[in-house]
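A short worksheet on the structure shown next.
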2 protein chains.
Amino acid sequence: VHQPIAILDSGVGGLTVAKEIRRQLPQEPIVYFGDTARAPYGPRPAEEVARFTDQVIDYLLELKPKMVVIACNTATAVALESARKRLSIPVVGVIHPGARAAIKMTRNHIVGVIGTEGTIRSGAYTAALSQLSPGIQVVSLACPLFVPIVEKGVYGSPEVQPVVVQSLAPMRRFPIDCLILGCTHYPYLAPVISKVMGPEVSLISSAEETAREVSTILCHKGLLAGGWAKPVDQYFCSGDPHIFRRIAESLLQEEIKVTPVPWEVLNNM
Amino acid sequence: VHQPIAILDSGVGGLTVAKEIRRQLPQEPIVYFGDTARAPYGPRPAEEVARFTDQVIDYLLELKPKMVVIACNTATAVALESARKRLSIPVVGVIHPGARAAIKMTRNHIVGVIGTEGTIRSGAYTAALSQLSPGIQVVSLACPLFVPIVEKGVYGSPEVQPVVVQSLAPMRRFPIDCLILGCTHYPYLAPVISKVMGPEVSLISSAEETAREVSTILCHKGLLAGGWAKPVDQYFCSGDPHIFRRIAESLLQEEIKVTPVPWEVLNNM
């Protein structure tokens, strides 16, 4: 089925999911929307995040995707269920894939989750983990400083490490054996997070795990692309296309074309 | 949804899948059938394996499962597609989950697969891997001596290592970075296989990966059990129930009840 997979995020975080989908499913065309003009979603009220998410989904639906991936934990927490009810195509979020990977990986059943304030406040990871495996212990921590670092593109700077050390200090008091990066922006910071948490803590990336589940669902629904043509991906963002392109090209290691979409257009969806 | 997950295998191999489903989805009741009287399936003609698989599925359908897991690579290779067409409930095999995990894990895109003669001859792993990721190189090897070792319950014996060394010698000539254990019996031999292949080669267990995908599909179909009641599992086998119970209890670390089902009953399904 040669329709694209639609991926959306508040900004550049969902690109970590897009990159993994390109790697694990190289034949699938992708359309991506980063709502950079209205990022970050994390501190916003749930109703507002749900409305923004619906608007971006409606914009992407005009490109006739075969699947929608809400590649933002904050948006998944508040808008996944309603999007599933509203759309006739499969909708995949980023919370359950990370939760399932943690359940597969943990040996001591003490799992850490870091995310935005919105994600942590929603309790969505605790709910997903407990629904699947009631005996599991979940330690949650909001890290509100991480997304702005990534959206500004300064995640490689040496000043980042003290911020990460301080943000993660409360988590280091618990004997977790795996840590879910419960925000699709956090894989950009994974090298620093891993150094701070130490080698005994396995990091679980929403991005890798979600791509894996996208593959599972497409396969079970008979929706895989097949064939050999290299797909042409499309990127849209509501904010400055230059900073979006710079971060995207550095992550994807490839030149891309970015189409700016004013957020007023989204508001009228 | 409090119907059981039905799991079937030629013998005790699928118990590695059952164990992982119990670990990753502790609230889900399981019914298991090991067709030990007619194991191994690996050397049998494809038509015969397909017929046996259909018979065992039909037996399990009388227990009203919500999902069928064909926890045998040989049977998945020849009978998954027809079972999917025939049944109205989801049917999960063990080949695509391992293939997807390998694609997620490999960095050099050279993946090894070991399995029974039937599985390797079917080319099912090469097909699944290439369908998902056309650039991948697959090195396949049949290891016909492994299943009988496991079904006899002697997989812990010191005489096993030279057999594993000799069987895997052809695979060790290739620079694979991960090796799919393409037979649900092989996790019993994983410690020896890992020692022989060395630390650079990651082993991928069909069992862990299939349990993960069972969770994904149940979740997406709204079929998870929920609630807190500890489920009572049921085990059936067509051969000697004593040897089956001994191996199963050693693997599952728990006492179980095994109901013998003569294979003549299956033949009349």
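Chain labels run A, B, ... following the order of the structure tokens; each chain numbers its residues from 1, and ligands are numbered from 1 in the order shown.
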
*Which residues in segment 211-256 of chain A does DSSP call strand (DSSP E)? List them as a ChimeraX atom specification.*
/A:234-237

*asked:* So that I can check the secondary structure, give me every residue of segment 14-63 of chain B assigned alpha helix (DSSP H) by backbone DSSP, as a list in words.
replied: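 Selecting the alpha helix (DSSP H) positions of segment 14-63 of chain B gives Leu15, Thr16, Val17, Ala18, Lys19, Glu20, Ile21, Arg22, Arg23, Gln24, Ala46, Glu47, Glu48, Val49, Ala50, Arg51, Phe52, Thr53, Asp54, Gln55, Val56, Ile57, Asp58, Tyr59, Leu60 and Leu61 of chain B.
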
_If I take atom CA of Thr184 of chain A and atom CA of Gly14 of chain A, how far is one from the other in Å, to one decimal?_
5.5 Å

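Near segment 236-244 of chain A, within 8 Å and counting only C-alpha atoms, sit Gly11, Val12, Val31, Tyr32, Phe33, Gly34, Asp35, Thr36, Ala37, Arg38, Lys152, Gly153, Val258, Thr259, Pro260, Val261, Pro262 and Trp263 of chain A; same-chain residues fewer than 5 positions away were not included.
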
Export of prior selection with N, CA and C atoms as an mmCIF file, in the first residue's frame:
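Everything below was put into result-v7.cif:
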data_model
loop_
_atom_site.group_PDB
_atom_site.id
_atom_site.type_symbol
_atom_site.label_atom_id
_atom_site.label_comp_id
_atom_site.auth_asym_id
_atom_site.auth_seq_id
_atom_site.Cartn_x
_atom_site.Cartn_y
_atom_site.Cartn_z
ATOM 1 N N GLY A 11 7.367 19.397 17.610
ATOM 2 C CA GLY A 11 8.531 20.029 16.997
ATOM 3 C C GLY A 11 9.443 19.008 16.355
ATOM 4 N N VAL A 12 10.716 18.978 16.795
ATOM 5 C CA VAL A 12 11.702 18.102 16.166
ATOM 6 C C VAL A 12 11.827 16.752 16.875
ATOM 7 N N VAL A 31 5.231 11.365 5.762
ATOM 8 C CA VAL A 31 4.971 12.804 5.819
ATOM 9 C C VAL A 31 5.030 13.203 7.290
ATOM 10 N N TYR A 32 5.727 14.314 7.560
ATOM 11 C CA TYR A 32 6.020 14.698 8.937
ATOM 12 C C TYR A 32 5.557 16.119 9.198
ATOM 13 N N PHE A 33 4.919 16.342 10.333
ATOM 14 C CA PHE A 33 4.547 17.704 10.724
ATOM 15 C C PHE A 33 5.107 18.015 12.109
ATOM 16 N N GLY A 34 5.934 19.051 12.203
ATOM 17 C CA GLY A 34 6.429 19.548 13.495
ATOM 18 C C GLY A 34 5.757 20.884 13.791
ATOM 19 N N ASP A 35 4.970 20.928 14.861
ATOM 20 C CA ASP A 35 4.202 22.139 15.185
ATOM 21 C C ASP A 35 5.091 23.100 15.979
ATOM 22 N N THR A 36 6.229 23.460 15.365
ATOM 23 C CA THR A 36 7.279 24.192 16.089
ATOM 24 C C THR A 36 6.831 25.576 16.571
ATOM 25 N N ALA A 37 5.843 26.177 15.878
ATOM 26 C CA ALA A 37 5.386 27.511 16.313
ATOM 27 C C ALA A 37 4.718 27.427 17.684
ATOM 28 N N ARG A 38 4.169 26.257 18.015
ATOM 29 C CA ARG A 38 3.421 26.144 19.265
ATOM 30 C C ARG A 38 4.110 25.220 20.272
ATOM 31 N N LYS A 152 16.076 24.212 20.612
ATOM 32 C CA LYS A 152 17.040 25.262 20.241
ATOM 33 C C LYS A 152 18.233 24.688 19.488
ATOM 34 N N GLY A 153 18.349 23.361 19.457
ATOM 35 C CA GLY A 153 19.450 22.740 18.722
ATOM 36 C C GLY A 153 20.776 22.779 19.456
ATOM 37 N N VAL A 258 11.714 21.483 3.501
ATOM 38 C CA VAL A 258 10.728 21.742 4.551
ATOM 39 C C VAL A 258 9.720 22.769 4.050
ATOM 40 N N THR A 259 8.455 22.436 4.140
ATOM 41 C CA THR A 259 7.395 23.363 3.735
ATOM 42 C C THR A 259 6.837 24.053 4.979
ATOM 43 N N PRO A 260 6.959 25.383 5.067
ATOM 44 C CA PRO A 260 6.374 26.053 6.233
ATOM 45 C C PRO A 260 4.859 26.161 6.093
ATOM 46 N N VAL A 261 4.159 25.925 7.205
ATOM 47 C CA VAL A 261 2.694 26.027 7.244
ATOM 48 C C VAL A 261 2.348 26.973 8.399
ATOM 49 N N PRO A 262 1.858 28.190 8.113
ATOM 50 C CA PRO A 262 1.552 29.115 9.213
ATOM 51 C C PRO A 262 0.539 28.496 10.181
ATOM 52 N N TRP A 263 0.744 28.757 11.483
ATOM 53 C CA TRP A 263 -0.160 28.111 12.445
ATOM 54 C C TRP A 263 -1.578 28.621 12.316
#

*Got a sec to pull out which chain B residues are within 8 Å of chain A, counting only C-alpha atoms, and send them as a ChimeraX atom specification?*
/B:24-27,97,100-101,103-104,131-134,208,212-213,215-217,226,228

_All residues 7 Å or closer to Gly115 of chain A, only C-alpha atoms, same chain fewer than 5 positions away omitted, as a PyMOL selection string_ = chain A and resi 120+141-143+181-183

Using only C-alpha atoms, which protein or nucleic acid residues come within 7 Å of Gly93 of chain A? Drop anything in the same chain fewer than 6 positions from it, and give the result as a tab-separated table (two decimals) with C-alpha atoms, in the first residue's frame.
chain	number	residue	atom	x	y	z
A	69	VAL	CA	1.78	8.17	14.38
A	70	ILE	CA	1.42	10.63	17.26
A	71	ALA	CA	5.18	10.91	17.84
A	76	THR	CA	-0.33	10.69	22.96
A	80	LEU	CA	-4.59	9.13	21.29

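Those residues that approach segment 191-193 of chain B to within 9 Å, counting only C-alpha atoms, are Val160, Gln161, Val164, Val165, Leu168 and Leu203 of chain B; same-chain residues fewer than 6 positions away are not listed.
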
Let's have the selection written as a short mmCIF file (atom, residue, chain, number, x, y, z; two decimals), in the first residue's frame, with N, CA and C atoms.
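Contents of the output file result.cif:
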data_model
loop_
_atom_site.label_atom_id
_atom_site.label_comp_id
_atom_site.auth_asym_id
_atom_site.auth_seq_id
_atom_site.Cartn_x
_atom_site.Cartn_y
_atom_site.Cartn_z
N VAL B 160 26.32 -31.58 25.22
CA VAL B 160 25.63 -30.76 24.23
C VAL B 160 26.57 -29.78 23.55
N GLN B 161 27.55 -29.25 24.30
CA GLN B 161 28.40 -28.20 23.74
C GLN B 161 29.10 -28.58 22.43
N VAL B 164 26.73 -28.29 19.57
CA VAL B 164 26.42 -26.90 19.22
C VAL B 164 27.59 -26.27 18.47
N VAL B 165 28.81 -26.51 18.95
CA VAL B 165 30.00 -25.99 18.27
C VAL B 165 30.03 -26.44 16.82
N LEU B 168 27.13 -24.96 14.61
CA LEU B 168 27.21 -23.52 14.32
C LEU B 168 28.47 -23.12 13.56
N LEU B 203 21.86 -12.47 20.56
CA LEU B 203 20.86 -13.50 20.25
C LEU B 203 19.46 -12.89 20.33
#

*asked:* Just want the 8 Å neighbourhood of Glu47 of chain A, counted on only C-alpha atoms, with same-chain residues fewer than 3 positions away dropped. Output as a list of chain:residue names.
replied: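 So the residues in contact are A:Ala50, A:Arg51, A:Val78.
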
Export of the given selection (C-alpha atoms) as a CSV table (one decimal), in the first residue's frame:
chain,number,residue,atom,x,y,z
A,50,ALA,CA,-5.7,17.8,22.3
A,51,ARG,CA,-7.0,20.7,20.1
A,78,VAL,CA,-4.2,13.3,25.9

*One-decimal distance in Å that lies between atom CA of Ile5 of chain A and atom CA of Ile30 of chain A*: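 Between these atoms lies a distance of 4.9 Å.
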
*asked:* So, with only C-alpha atoms as the atoms that count, which of B:Pro162, B:Thr116, B:Ser194, B:Gln234 lies closest to Leu8 of chain B?
replied: B:Gln234
